[in-house]
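Peer 1: Data file coords-v7.cif (mmCIF, C-alpha atoms and all ligand atoms) is appended below.
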```cif
data_query
loop_
_atom_site.label_atom_id
_atom_site.label_comp_id
_atom_site.auth_asym_id
_atom_site.auth_seq_id
_atom_site.Cartn_x
_atom_site.Cartn_y
_atom_site.Cartn_z
CA MET A 1 89.69 130.61 -89.25
CA LYS A 2 88.84 129.81 -92.90
CA GLU A 3 90.82 132.71 -94.31
CA ASN A 4 94.00 131.62 -92.53
CA ALA A 5 96.61 129.25 -93.81
CA PHE A 6 96.73 125.74 -92.32
CA GLU A 7 98.22 125.50 -88.87
CA ALA A 8 98.34 122.37 -86.75
CA LEU A 9 96.45 122.66 -83.49
CA THR A 10 98.09 121.94 -80.16
CA VAL A 11 96.53 121.21 -76.77
CA GLU A 12 97.49 124.76 -75.78
CA THR A 13 96.24 126.66 -78.85
CA LEU A 14 93.02 124.73 -79.47
CA PRO A 15 90.64 126.67 -77.15
CA ASP A 16 91.77 130.03 -78.51
CA ARG A 17 91.59 128.94 -82.12
CA LEU A 18 88.22 127.17 -81.96
CA GLY A 19 86.58 129.25 -79.22
CA ASN A 20 84.82 131.59 -81.65
CA ILE A 21 83.33 128.90 -83.92
CA PRO A 22 79.67 128.62 -82.82
CA GLU A 23 79.20 125.04 -84.14
CA ILE A 24 81.96 123.99 -81.75
CA ALA A 25 81.82 126.49 -78.88
CA ASP A 26 78.02 126.35 -78.42
CA ARG A 27 78.08 122.59 -78.12
CA LEU A 28 81.03 122.48 -75.75
CA GLY A 29 79.68 125.25 -73.53
CA GLY A 30 81.47 127.35 -70.93
CA ALA A 31 84.52 129.52 -71.46
CA PRO A 32 87.00 128.13 -74.00
CA ALA A 33 89.80 128.73 -71.52
CA ALA A 34 88.10 126.20 -69.23
CA TRP A 35 87.89 123.44 -71.85
CA LYS A 36 89.90 120.33 -71.04
CA VAL A 37 91.91 119.24 -74.08
CA ARG A 38 93.75 115.95 -74.59
CA GLU A 39 95.47 114.63 -77.72
CA VAL A 40 94.67 110.93 -78.12
CA GLY A 41 95.54 110.08 -81.71
CA ASP A 42 96.78 106.51 -81.76
CA GLY A 43 96.39 106.11 -85.50
CA ASN A 44 99.14 106.38 -88.04
CA LEU A 45 98.15 109.58 -89.77
CA ASN A 46 96.35 112.35 -87.90
CA LEU A 47 95.85 114.43 -84.76
CA VAL A 48 92.81 113.58 -82.63
CA PHE A 49 91.81 115.77 -79.67
CA ILE A 50 89.18 115.08 -77.04
CA VAL A 51 87.78 118.44 -75.93
CA GLU A 52 85.66 118.51 -72.82
CA GLY A 53 83.46 121.58 -72.31
CA GLU A 54 81.00 122.46 -69.61
CA ALA A 55 78.07 120.97 -71.56
CA GLN A 56 79.51 118.34 -73.89
CA THR A 57 82.65 116.61 -75.07
CA LEU A 58 83.70 116.63 -78.75
CA ILE A 59 86.33 115.04 -80.94
CA ILE A 60 88.44 117.37 -83.08
CA LYS A 61 90.34 115.49 -85.77
CA GLN A 62 92.94 117.34 -87.82
CA ALA A 63 95.06 116.08 -90.67
CA LEU A 64 98.74 117.00 -90.86
CA PRO A 65 100.60 117.70 -94.10
CA TYR A 66 102.60 114.52 -93.50
CA VAL A 67 102.20 110.98 -92.10
CA ARG A 68 102.12 111.25 -88.33
CA LEU A 69 103.77 107.84 -87.83
CA VAL A 70 106.76 108.72 -90.02
CA GLY A 71 107.10 112.53 -89.81
CA ASP A 72 107.56 115.27 -92.39
CA SER A 73 109.83 113.11 -94.55
CA TRP A 74 106.58 111.53 -95.83
CA PRO A 75 104.28 114.33 -97.04
CA LEU A 76 100.58 113.55 -97.39
CA PRO A 77 97.91 116.00 -98.62
CA LEU A 78 95.64 117.69 -96.09
CA LYS A 79 92.80 116.98 -98.48
CA ARG A 80 92.32 113.56 -96.87
CA SER A 81 90.25 115.39 -94.29
CA PHE A 82 87.93 116.58 -97.08
CA PHE A 83 87.46 112.97 -98.21
CA GLU A 84 86.85 111.82 -94.65
CA TYR A 85 84.19 114.51 -94.17
CA HIS A 86 82.42 113.68 -97.42
CA ALA A 87 82.60 109.95 -96.74
CA LEU A 88 81.14 110.41 -93.24
CA THR A 89 78.18 112.38 -94.59
CA ARG A 90 77.47 109.76 -97.26
CA GLN A 91 77.78 106.85 -94.81
CA GLU A 92 75.33 108.59 -92.47
CA GLN A 93 72.86 108.94 -95.35
CA ARG A 94 73.26 105.40 -96.58
CA ALA A 95 73.47 103.65 -93.21
CA PRO A 96 71.98 106.01 -90.60
CA GLY A 97 73.43 105.84 -87.10
CA THR A 98 76.57 103.92 -88.00
CA VAL A 99 79.16 106.74 -87.91
CA PRO A 100 79.88 109.60 -85.48
CA ALA A 101 77.75 112.70 -86.08
CA VAL A 102 79.69 115.49 -87.79
CA TYR A 103 79.23 119.01 -86.42
CA TYR A 104 81.71 121.13 -88.34
CA PHE A 105 84.26 120.93 -91.14
CA ASP A 106 86.99 123.39 -92.13
CA GLU A 107 88.74 122.40 -95.33
CA THR A 108 91.68 124.81 -94.99
CA GLN A 109 92.44 123.66 -91.47
CA ALA A 110 91.71 120.03 -92.48
CA LEU A 111 89.61 119.81 -89.36
CA ILE A 112 86.47 117.87 -88.47
CA ALA A 113 84.50 118.33 -85.24
CA MET A 114 82.50 115.23 -84.45
CA GLU A 115 80.61 113.29 -81.84
CA PHE A 116 82.75 111.88 -79.02
CA LEU A 117 81.97 108.17 -78.84
CA SER A 118 81.92 107.14 -75.21
CA PRO A 119 82.25 104.69 -73.50
CA HIS A 120 83.18 103.07 -76.82
CA ILE A 121 86.54 101.41 -77.29
CA ILE A 122 88.37 100.38 -80.44
CA LEU A 123 87.15 96.98 -81.65
CA ARG A 124 90.69 95.66 -82.10
CA ARG A 125 91.36 96.37 -78.41
CA ALA A 126 88.18 94.58 -77.38
CA LEU A 127 89.11 91.50 -79.40
CA ILE A 128 92.63 91.42 -77.94
CA GLU A 129 91.12 91.59 -74.44
CA GLY A 130 88.87 88.65 -75.29
CA GLN A 131 85.54 90.52 -75.26
CA GLU A 132 82.75 88.69 -77.06
CA LEU A 133 80.67 91.57 -78.38
CA PRO A 134 77.22 90.38 -79.38
CA LYS A 135 76.31 92.86 -82.12
CA ILE A 136 79.30 93.44 -84.36
CA GLY A 137 78.59 90.73 -86.93
CA ARG A 138 75.14 92.01 -87.66
CA ASP A 139 75.91 95.74 -87.36
CA LEU A 140 78.94 95.67 -89.65
CA GLY A 141 77.30 93.32 -92.15
CA LEU A 142 74.45 95.82 -92.45
CA PHE A 143 76.82 98.80 -92.58
CA MET A 144 78.71 97.29 -95.51
CA ALA A 145 75.68 96.12 -97.47
CA ARG A 146 73.94 99.50 -97.13
CA THR A 147 76.90 101.78 -97.83
CA LEU A 148 78.26 99.62 -100.66
CA PHE A 149 74.92 98.98 -102.38
CA ARG A 150 73.57 102.51 -102.00
CA GLY A 151 76.79 104.14 -103.24
CA SER A 152 76.80 102.13 -106.46
CA ASP A 153 75.15 102.17 -109.87
CA LEU A 154 72.75 99.52 -108.54
CA SER A 155 71.07 102.28 -106.59
CA MET A 156 72.21 105.79 -107.55
CA LYS A 157 71.25 107.86 -110.56
CA ALA A 158 74.07 107.66 -113.09
CA ALA A 159 74.77 111.41 -112.99
CA ASP A 160 74.95 111.49 -109.18
CA ARG A 161 77.17 108.44 -109.03
CA LYS A 162 79.53 109.90 -111.62
CA ALA A 163 79.69 113.22 -109.77
CA ASP A 164 80.58 111.35 -106.61
CA LEU A 165 83.16 109.28 -108.42
CA ALA A 166 84.76 112.49 -109.68
CA LEU A 167 84.78 114.01 -106.19
CA PHE A 168 86.63 111.05 -104.70
CA ALA A 169 88.88 110.46 -107.72
CA ASP A 170 91.30 113.01 -106.30
CA ASN A 171 92.09 110.85 -103.25
CA VAL A 172 95.16 109.74 -105.17
CA ASP A 173 97.72 109.71 -102.40
CA LEU A 174 95.72 107.59 -99.98
CA CYS A 175 94.90 105.14 -102.77
CA ASP A 176 98.61 105.06 -103.57
CA ILE A 177 99.35 104.06 -99.97
CA THR A 178 97.02 101.07 -100.33
CA GLU A 179 98.25 100.21 -103.82
CA SER A 180 101.86 100.12 -102.62
CA LEU A 181 101.72 99.04 -98.99
CA VAL A 182 98.92 96.49 -99.29
CA PHE A 183 99.19 95.00 -102.75
CA THR A 184 102.86 95.24 -103.64
CA ASP A 185 105.40 95.73 -100.83
CA PRO A 186 104.54 92.53 -98.90
CA TYR A 187 105.55 90.46 -101.93
CA PHE A 188 109.15 91.64 -102.27
CA GLU A 189 111.84 93.00 -99.97
CA ALA A 190 110.54 96.57 -99.95
CA PRO A 191 112.57 98.95 -97.75
CA MET A 192 109.80 99.71 -95.23
CA ASN A 193 108.79 96.07 -94.65
CA ARG A 194 109.45 94.19 -91.46
CA HIS A 195 108.49 90.82 -90.04
CA THR A 196 109.04 88.74 -86.93
CA PRO A 197 112.47 87.02 -87.21
CA GLY A 198 111.16 83.43 -86.89
CA LEU A 199 109.25 83.82 -90.16
CA ASP A 200 112.24 84.16 -92.51
CA THR A 201 111.85 80.83 -94.30
CA LEU A 202 108.11 81.16 -94.84
CA VAL A 203 108.46 84.78 -95.98
CA LYS A 204 111.05 83.76 -98.54
CA GLU A 205 108.72 81.04 -99.77
CA LEU A 206 105.78 83.44 -100.10
CA ARG A 207 107.88 86.01 -101.96
CA SER A 208 108.89 83.45 -104.53
CA ASP A 209 105.37 82.04 -104.89
CA ARG A 210 104.45 82.89 -108.46
CA ASP A 211 100.76 81.99 -108.15
CA LEU A 212 100.45 84.23 -105.11
CA LYS A 213 102.18 87.19 -106.76
CA VAL A 214 100.01 86.91 -109.86
CA ALA A 215 96.87 86.68 -107.73
CA ALA A 216 97.93 89.69 -105.64
CA GLN A 217 98.46 91.76 -108.76
CA ARG A 218 95.09 90.70 -110.14
CA MET A 219 93.51 91.93 -106.91
CA LYS A 220 95.47 95.19 -107.21
CA HIS A 221 94.26 95.53 -110.79
CA LEU A 222 90.70 95.18 -109.52
CA PHE A 223 91.26 97.62 -106.66
CA ALA A 224 92.63 100.32 -108.92
CA SER A 225 90.24 99.94 -111.83
CA ARG A 226 86.82 98.83 -110.63
CA ALA A 227 85.21 102.11 -109.55
CA GLU A 228 82.04 100.44 -108.36
CA THR A 229 81.00 102.15 -105.15
CA MET A 230 82.28 104.43 -102.41
CA VAL A 231 84.27 102.12 -100.17
CA HIS A 232 85.43 103.03 -96.67
CA GLY A 233 88.90 102.01 -97.78
CA ASP A 234 90.41 101.32 -94.31
CA LEU A 235 87.79 99.12 -92.66
CA HIS A 236 89.92 97.19 -90.19
CA SER A 237 89.12 96.52 -86.55
CA GLY A 238 90.98 99.73 -85.57
CA SER A 239 88.39 101.74 -87.53
CA VAL A 240 85.44 100.46 -85.50
CA MET A 241 84.43 101.66 -82.03
CA VAL A 242 82.18 99.52 -79.89
CA THR A 243 80.22 98.99 -76.73
CA LYS A 244 78.13 95.92 -76.02
CA ASP A 245 75.14 97.71 -77.55
CA ASP A 246 76.56 100.04 -80.19
CA THR A 247 78.89 99.73 -83.18
CA ARG A 248 80.30 102.76 -85.03
CA VAL A 249 82.63 103.05 -87.95
CA ILE A 250 85.24 105.84 -87.90
CA ASP A 251 88.16 107.08 -90.00
CA PRO A 252 87.04 106.83 -93.68
CA GLU A 253 89.81 109.09 -95.04
CA PHE A 254 90.80 106.38 -97.56
CA ALA A 255 87.33 106.50 -99.15
CA PHE A 256 87.19 106.31 -102.94
CA TYR A 257 85.23 104.57 -105.68
CA GLY A 258 86.54 101.04 -105.70
CA PRO A 259 85.39 97.41 -105.68
CA MET A 260 82.55 96.50 -103.30
CA ALA A 261 84.35 93.49 -101.87
CA PHE A 262 87.35 95.50 -100.65
CA ASP A 263 85.81 96.62 -97.33
CA VAL A 264 84.33 93.18 -96.72
CA GLY A 265 87.66 91.44 -97.35
CA MET A 266 89.62 93.83 -95.15
CA LEU A 267 87.20 93.49 -92.25
CA LEU A 268 87.03 89.69 -92.39
CA ALA A 269 90.84 89.54 -92.66
CA ASN A 270 91.08 91.44 -89.40
CA TYR A 271 88.76 88.91 -87.73
CA TRP A 272 90.83 86.03 -89.07
CA MET A 273 93.97 87.73 -87.73
CA ALA A 274 92.26 88.19 -84.36
CA TYR A 275 91.52 84.46 -84.48
CA PHE A 276 95.12 83.44 -85.21
CA SER A 277 96.45 85.83 -82.55
CA GLN A 278 94.36 84.38 -79.70
CA ARG A 279 96.95 81.74 -78.78
CA GLY A 280 99.31 84.61 -77.99
CA HIS A 281 96.88 86.08 -75.46
CA GLU A 282 96.24 83.12 -73.20
CA GLU A 283 98.21 84.31 -70.13
CA LYS A 284 94.97 84.76 -68.23
CA GLY A 285 93.23 81.63 -69.48
CA SER A 286 92.09 79.73 -72.52
CA ARG A 287 90.76 81.60 -75.52
CA ALA A 288 88.90 78.59 -76.94
CA SER A 289 85.56 80.30 -76.53
CA MET A 290 86.93 83.50 -78.11
CA ARG A 291 88.17 81.55 -81.12
CA ALA A 292 84.75 79.98 -81.66
CA TYR A 293 83.15 83.40 -81.18
CA LEU A 294 85.39 84.93 -83.88
CA LEU A 295 84.53 82.25 -86.44
CA GLY A 296 80.87 82.91 -85.61
CA VAL A 297 81.35 86.65 -86.15
CA ILE A 298 82.96 86.04 -89.52
CA SER A 299 80.04 83.91 -90.59
CA GLU A 300 77.44 86.33 -89.23
CA THR A 301 79.14 89.32 -90.88
CA TRP A 302 79.24 87.65 -94.28
CA THR A 303 75.69 86.22 -94.16
CA THR A 304 74.24 89.50 -92.90
CA PHE A 305 76.09 91.38 -95.63
CA ARG A 306 74.92 88.92 -98.29
CA ASP A 307 71.30 88.80 -97.12
CA GLU A 308 70.97 92.57 -96.74
CA PHE A 309 72.59 93.07 -100.14
CA ALA A 310 70.04 90.65 -101.62
CA HIS A 311 67.23 92.47 -99.81
CA LEU A 312 68.37 95.83 -101.23
CA TRP A 313 68.68 94.24 -104.65
CA ARG A 314 65.03 93.15 -104.46
CA THR A 315 63.67 96.37 -102.96
CA GLU A 316 65.93 99.30 -103.95
CA ARG A 317 67.40 98.40 -107.30
CA SER A 318 66.86 101.74 -109.02
CA GLY A 319 70.14 102.19 -110.87
CA MET A 320 71.21 101.84 -114.46
CA PHE A 321 71.71 98.11 -114.74
CA TYR A 322 69.77 94.88 -114.10
CA GLN A 323 66.66 97.05 -114.34
CA ALA A 324 63.28 95.74 -113.27
CA SER A 325 62.04 96.65 -116.77
CA LEU A 326 64.08 93.73 -118.07
CA PHE A 327 63.10 91.27 -115.36
CA GLU A 328 60.35 91.74 -112.76
CA GLU A 329 58.24 93.88 -115.07
CA GLN A 330 58.36 91.12 -117.68
CA ASN A 331 57.30 88.56 -115.13
CA ASP A 332 60.89 87.31 -114.94
CA ALA A 333 61.86 87.64 -111.29
CA LEU A 334 63.95 84.53 -111.79
CA GLY A 335 66.23 86.45 -114.18
CA SER A 336 66.92 89.08 -111.57
CA GLU A 337 67.64 86.40 -108.95
CA GLN A 338 70.03 84.73 -111.36
CA ALA A 339 71.85 88.02 -111.94
CA LEU A 340 71.97 88.58 -108.16
CA ASN A 341 73.60 85.18 -107.69
CA HIS A 342 76.32 86.11 -110.17
CA VAL A 343 76.98 89.40 -108.37
CA ILE A 344 77.14 87.75 -104.94
CA HIS A 345 79.40 85.02 -106.27
CA ASP A 346 81.85 87.67 -107.54
CA LEU A 347 81.67 89.52 -104.22
CA TRP A 348 82.53 86.30 -102.37
CA THR A 349 85.50 85.50 -104.62
CA ASP A 350 86.90 89.04 -104.52
CA MET A 351 86.34 89.25 -100.76
CA LEU A 352 88.60 86.19 -100.29
CA GLY A 353 91.31 87.70 -102.49
CA PHE A 354 91.32 91.03 -100.65
CA ALA A 355 91.20 89.31 -97.26
CA GLY A 356 94.23 87.13 -97.88
CA ILE A 357 96.30 90.09 -99.05
CA GLU A 358 95.29 92.20 -96.04
CA MET A 359 96.52 89.38 -93.78
CA HIS A 360 99.87 89.32 -95.55
CA ARG A 361 100.49 93.04 -95.48
CA ARG A 362 99.79 93.25 -91.74
CA ILE A 363 102.47 90.65 -91.02
CA LEU A 364 104.99 91.40 -93.77
CA GLY A 365 104.56 95.08 -94.57
CA LEU A 366 104.95 98.44 -92.81
CA ALA A 367 101.72 98.72 -90.79
CA HIS A 368 101.39 95.84 -88.36
CA ASN A 369 98.50 95.36 -85.98
CA ALA A 370 98.33 95.09 -82.24
CA ASP A 371 96.67 91.65 -82.30
CA PHE A 372 100.09 90.21 -83.13
CA GLU A 373 102.38 93.08 -82.04
CA ASP A 374 101.13 92.85 -78.43
CA ILE A 375 102.50 89.29 -78.21
CA ALA A 376 105.85 90.14 -76.61
CA ASP A 377 107.42 86.68 -76.97
CA GLU A 378 108.76 86.66 -80.55
CA LYS A 379 108.66 82.88 -80.88
CA LEU A 380 105.06 82.75 -79.77
CA ARG A 381 104.20 85.66 -82.06
CA ALA A 382 105.82 83.99 -85.07
CA SER A 383 103.91 80.80 -84.27
CA CYS A 384 100.64 82.77 -84.48
CA GLU A 385 101.62 84.75 -87.57
CA ALA A 386 102.80 81.76 -89.63
CA PRO A 387 99.37 80.06 -89.78
CA ALA A 388 97.78 83.42 -90.62
CA LEU A 389 100.20 83.83 -93.54
CA LYS A 390 99.42 80.31 -94.79
CA PHE A 391 95.71 80.85 -94.43
CA GLY A 392 96.01 84.14 -96.33
CA ARG A 393 97.92 82.46 -99.13
CA HIS A 394 95.30 79.72 -99.39
CA ILE A 395 92.33 82.07 -99.68
CA VAL A 396 93.99 84.38 -102.22
CA VAL A 397 95.19 81.63 -104.53
CA ASN A 398 92.12 79.36 -104.21
CA ARG A 399 89.49 82.11 -104.07
CA ASN A 400 87.70 80.80 -107.18
CA THR A 401 87.11 77.32 -105.81
CA ILE A 402 86.42 77.91 -102.12
CA GLN A 403 82.76 77.11 -101.51
CA SER A 404 81.90 78.03 -97.96
CA LEU A 405 82.96 79.58 -94.69
CA ALA A 406 82.56 76.18 -93.02
CA GLU A 407 85.41 74.96 -95.21
CA LEU A 408 87.52 77.90 -94.05
CA ASP A 409 86.64 77.30 -90.38
CA ARG A 410 88.09 73.82 -90.74
CA LEU A 411 91.22 75.17 -92.43
CA ALA A 412 91.69 77.82 -89.71
CA GLU A 413 91.30 75.23 -86.96
CA ALA A 414 93.72 72.85 -88.66
CA LEU A 415 96.41 75.52 -89.17
CA ASP A 416 96.15 77.21 -85.74
P1 LIG B 1 93.85 108.06 -87.82
O1 LIG B 1 93.26 108.50 -89.13
O2 LIG B 1 95.07 108.81 -87.47
O3 LIG B 1 94.02 106.57 -87.76
P2 LIG B 1 91.41 107.77 -86.22
O4 LIG B 1 90.23 108.46 -86.81
O5 LIG B 1 91.49 106.30 -86.41
O6 LIG B 1 92.77 108.47 -86.71
O7 LIG B 1 91.43 108.13 -84.67
C1 LIG B 1 92.51 107.77 -83.83
C2 LIG B 1 91.98 107.39 -82.46
O8 LIG B 1 91.24 108.47 -81.89
C3 LIG B 1 91.00 106.24 -82.49
O9 LIG B 1 91.70 105.00 -82.44
C4 LIG B 1 90.16 106.48 -81.27
O10 LIG B 1 90.83 106.01 -80.12
C5 LIG B 1 90.12 107.99 -81.19
N1 LIG B 1 88.89 108.51 -81.84
C6 LIG B 1 88.76 108.90 -83.13
N2 LIG B 1 87.51 109.32 -83.39
C7 LIG B 1 86.81 109.18 -82.25
C8 LIG B 1 85.45 109.47 -81.86
N3 LIG B 1 84.56 109.98 -82.72
N4 LIG B 1 85.09 109.23 -80.57
C9 LIG B 1 85.99 108.73 -79.68
N5 LIG B 1 87.28 108.46 -79.98
C10 LIG B 1 87.70 108.67 -81.24
MG MG B 2 92.55 105.14 -87.74
MG MG B 3 95.19 104.74 -89.19
MG MG B 4 92.95 107.12 -90.66
#
```
Take the structure from the file and write it as structure tokens.

Peer 2:
Amino acid sequence: MKENAFEALTVETLPDRLGNIPEIADRLGGAPAAWKVREVGDGNLNLVFIVEGEAQTLIIKQALPYVRLVGDSWPLPLKRSFFEYHALTRQEQRAPGTVPAVYYFDETQALIAMEFLSPHIILRRALIEGQELPKIGRDLGLFMARTLFRGSDLSMKAADRKADLALFADNVDLCDITESLVFTDPYFEAPMNRHTPGLDTLVKELRSDRDLKVAAQRMKHLFASRAETMVHGDLHSGSVMVTKDDTRVIDPEFAFYGPMAFDVGMLLANYWMAYFSQRGHEEKGSRASMRAYLLGVISETWTTFRDEFAHLWRTERSGMFYQASLFEEQNDALGSEQALNHVIHDLWTDMLGFAGIEMHRRILGLAHNADFEDIADEKLRASCEAPALKFGRHIVVNRNTIQSLAELDRLAEALD
């Protein structure tokens, strides 16, 4: 297939087109004509097929030359599949067992064959249903610390890190989506924005909030210029698949070298939004326990991330700065701990900034999330979204003076 020009797969053509690729056909087993194929893509961008063979079931993900959600009026390079493939292989190296196994990649067809996660469901769905999953805080805290630390100059050889940076530097169009849709559009009346009608007054207030706009642009400045580590780039609760016992991260097509705190902020923002949406999902009973669970997950995610980051700092710091030759090897472990505290302090502050902006863009921008969208009653939905917007504004603008998650728990409870 490599020699052919790109052609989008369909349920009908898939067996014929992939039937002679051993990495795919041998795993699936049986005659290609007997494979059961379903298209299940629920994301905004790509095609996702579940292909069931005699022996195994696989996922085939294929990019399209445009944004699936919008159509061919919004072209988007196929190369995002290349970035997704390379990000998946790096994440597997840096945090083994946290992403689906990759079996095959075809750059021309923008196609990845990977492990079918089953009976996993999308984390966002689980949180909307009120499932209290026991492992996500720890698993995702570890995932972030390991991928973000090990993809940075704290760990990698300078030449390797720079080669990687160059490889991902071409992911221009997906970065541009984030730069526009996340950091800019929510803060003015951009054409693709929408929001729940009851929010008009608050939205107007936020869009004329000078401190907020300045802070948002400072965060955008950081996002676009601090090429610190390979970030996932789209780490929301729709990019995580879960069971009670297993947590996997999918869909890293937005990967690039950016600031460490970006993934952490986006993920925590999605938990805070899940928190503020709970009141809209109480038809079948109180969500008080779910709300407490979510605040616990936020705290566990952050502390796991921080502690694992500190552990890697003490045990794997082999990169070009804060070298042991300046500290531990001169009997100055205290110096290295002091430097670590500075780094963690910056991560905390930046995390809050990115989190607040992610909350705004999901309520004011183009891409909304089901936590709120599934609340059919517009008045109820607006009454959940408004506190989330206020909370987001608070953590962006006050990110330099917020001391603890306990302080934010109290704010969330007071606003909700
Ligand atoms: P997009 O880039 O379009 O958002 P995703 O990678 O998020 O695509 O996949 C869309 C959906 O396909 C997911 O929400 C999930 O339901 C399903 N999916 C994707 N990858 C897998 C996988 N490895 N195993 C099982 N389901 C998957
Ligand atoms: Mg997705
Ligand atoms: Mg998506
Ligand atoms: Mg995606």

Peer 1: Kindly provide, as an NGL selection string, all nucleotide and amino acid residues lying within 8 Å of ligand MG 3 (chain B), counting all atoms listed in the file.

Peer 2: :A and (42-46 or 234 or 238-239 or 251)

Peer 1: Counting all atoms listed in the file, what is within 9 Å of Arg207 in chain A, bar same-chain residues fewer than 3 positions away, as a count of residues only?

Peer 2: 10

Peer 1: Residues at most 12 Å from ligand MG 2 (chain B), using all atoms listed in the file? Could they come as a PDB file with C-alpha atoms, in the frame of the given file?

Peer 2:
```pdb
ATOM      1  CA  VAL A  40      94.670 110.930 -78.120  1.00  0.00           C
ATOM      2  CA  GLY A  41      95.540 110.080 -81.710  1.00  0.00           C
ATOM      3  CA  ASP A  42      96.780 106.510 -81.760  1.00  0.00           C
ATOM      4  CA  GLY A  43      96.390 106.110 -85.500  1.00  0.00           C
ATOM      5  CA  ASN A  44      99.140 106.380 -88.040  1.00  0.00           C
ATOM      6  CA  LEU A  45      98.150 109.580 -89.770  1.00  0.00           C
ATOM      7  CA  ASN A  46      96.350 112.350 -87.900  1.00  0.00           C
ATOM      8  CA  LEU A  47      95.850 114.430 -84.760  1.00  0.00           C
ATOM      9  CA  VAL A  48      92.810 113.580 -82.630  1.00  0.00           C
ATOM     10  CA  LYS A  61      90.340 115.490 -85.770  1.00  0.00           C
ATOM     11  CA  ALA A  63      95.060 116.080 -90.670  1.00  0.00           C
ATOM     12  CA  ARG A  68     102.120 111.250 -88.330  1.00  0.00           C
ATOM     13  CA  LEU A  69     103.770 107.840 -87.830  1.00  0.00           C
ATOM     14  CA  GLU A  84      86.850 111.820 -94.650  1.00  0.00           C
ATOM     15  CA  ILE A 122      88.370 100.380 -80.440  1.00  0.00           C
ATOM     16  CA  LEU A 123      87.150  96.980 -81.650  1.00  0.00           C
ATOM     17  CA  ARG A 124      90.690  95.660 -82.100  1.00  0.00           C
ATOM     18  CA  HIS A 232      85.430 103.030 -96.670  1.00  0.00           C
ATOM     19  CA  GLY A 233      88.900 102.010 -97.780  1.00  0.00           C
ATOM     20  CA  ASP A 234      90.410 101.320 -94.310  1.00  0.00           C
ATOM     21  CA  LEU A 235      87.790  99.120 -92.660  1.00  0.00           C
ATOM     22  CA  HIS A 236      89.920  97.190 -90.190  1.00  0.00           C
ATOM     23  CA  SER A 237      89.120  96.520 -86.550  1.00  0.00           C
ATOM     24  CA  GLY A 238      90.980  99.730 -85.570  1.00  0.00           C
ATOM     25  CA  SER A 239      88.390 101.740 -87.530  1.00  0.00           C
ATOM     26  CA  VAL A 240      85.440 100.460 -85.500  1.00  0.00           C
ATOM     27  CA  MET A 241      84.430 101.660 -82.030  1.00  0.00           C
ATOM     28  CA  VAL A 249      82.630 103.050 -87.950  1.00  0.00           C
ATOM     29  CA  ILE A 250      85.240 105.840 -87.900  1.00  0.00           C
ATOM     30  CA  ASP A 251      88.160 107.080 -90.000  1.00  0.00           C
ATOM     31  CA  PRO A 252      87.040 106.830 -93.680  1.00  0.00           C
ATOM     32  CA  GLU A 253      89.810 109.090 -95.040  1.00  0.00           C
ATOM     33  CA  PHE A 254      90.800 106.380 -97.560  1.00  0.00           C
ATOM     34  CA  ALA A 367     101.720  98.720 -90.790  1.00  0.00           C
ATOM     35  CA  ASN A 369      98.500  95.360 -85.980  1.00  0.00           C
TER      36      ASN A 369
END
```

Peer 1: Please enclose the listed atoms of range 227-236 of chain A in an axis-aligned box, pad each side by 3 Å, and write out the centre and the three edge lengths in Å, rounded to one decimal, as AutoDock Vina command-line options.

Peer 2:
```
--center_x 85.7 --center_y 100.8 --center_z -99.9 --size_x 15.4 --size_y 13.2 --size_z 25.4
```

Peer 1: May I ask which of the residues A:Met230, A:Thr247, A:Lys157, A:Gln109 is the closest one to ligand LIG 1 (chain B), counting all atoms listed in the file?

Peer 2: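 Among A:Met230, A:Thr247, A:Lys157, A:Gln109, it is A:Thr247 that comes nearest to ligand LIG 1 (chain B).
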
Peer 1: May I ask for the distance between atom C9 of ligand LIG 1 (chain B) and CA of Thr57 in chain A, given in Å to one decimal place?

Peer 2: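 Result for atom C9 of ligand LIG 1 (chain B) versus CA of Thr57 in chain A: 9.7 Å, one decimal.
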
Peer 1: So what do you get for CA of Gly258 in chain A versus CA of Arg80 in chain A, distance-wise?

Peer 2: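 Atom-to-atom, CA of Gly258 in chain A to CA of Arg80 in chain A, that is 16.4 Å.
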
Peer 1: Counting all atoms listed in the file, which residue out of A:Asp176, A:Tyr103, A:Glu316, A:Phe168 sits closest to Pro22 in chain A?

Peer 2: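 Comparing A:Asp176, A:Tyr103, A:Glu316, A:Phe168 against Pro22 in chain A, the winner is A:Tyr103.
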
Peer 1: Between CA of Trp74 in chain A and CA of Phe354 in chain A, what distance in Å does the model show, to one decimal?

Peer 2: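 Spanning CA of Trp74 in chain A to CA of Phe354 in chain A is a straight-line distance of 26.0 Å.
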
Peer 1: Compare A:Ile50, A:Leu181, A:Leu380, A:Leu389 by their minimum atom-to-atom distance to ligand LIG 1 (chain B), counting all atoms listed in the file, and give me the closest one.

Peer 2: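 So, comparing all the options, the nearest one is A:Ile50.
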
Peer 1: Using only C-alpha atoms, find the one residue out of A:Phe49, A:Phe149, A:Phe262, A:Tyr275 that sits nearest to Pro387 in chain A.

Peer 2: A:Tyr275

Peer 1: Find the spatial neighbours of Asn400 in chain A, counting all atoms listed in the file, within a cut-off of 9 Å - ignore same-chain residues fewer than 5 positions away - and output them as number ranges by chain.

Peer 2: A: 348-350, 352, 395

Peer 1: Between A:Ala255, A:Ile121, A:Val70, A:Met290, which residue has the minimum interatomic distance to ligand MG 4 (chain B), considering all atoms listed in the file?

Peer 2: A:Ala255

Peer 1: Determine the nearest neighbour of Trp302 in chain A from the options A:Val264, A:Leu326, A:Ala355, A:Met320, counting only C-alpha atoms.

Peer 2: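 Residue with the minimum atom-to-atom distance to Trp302 in chain A: A:Val264.
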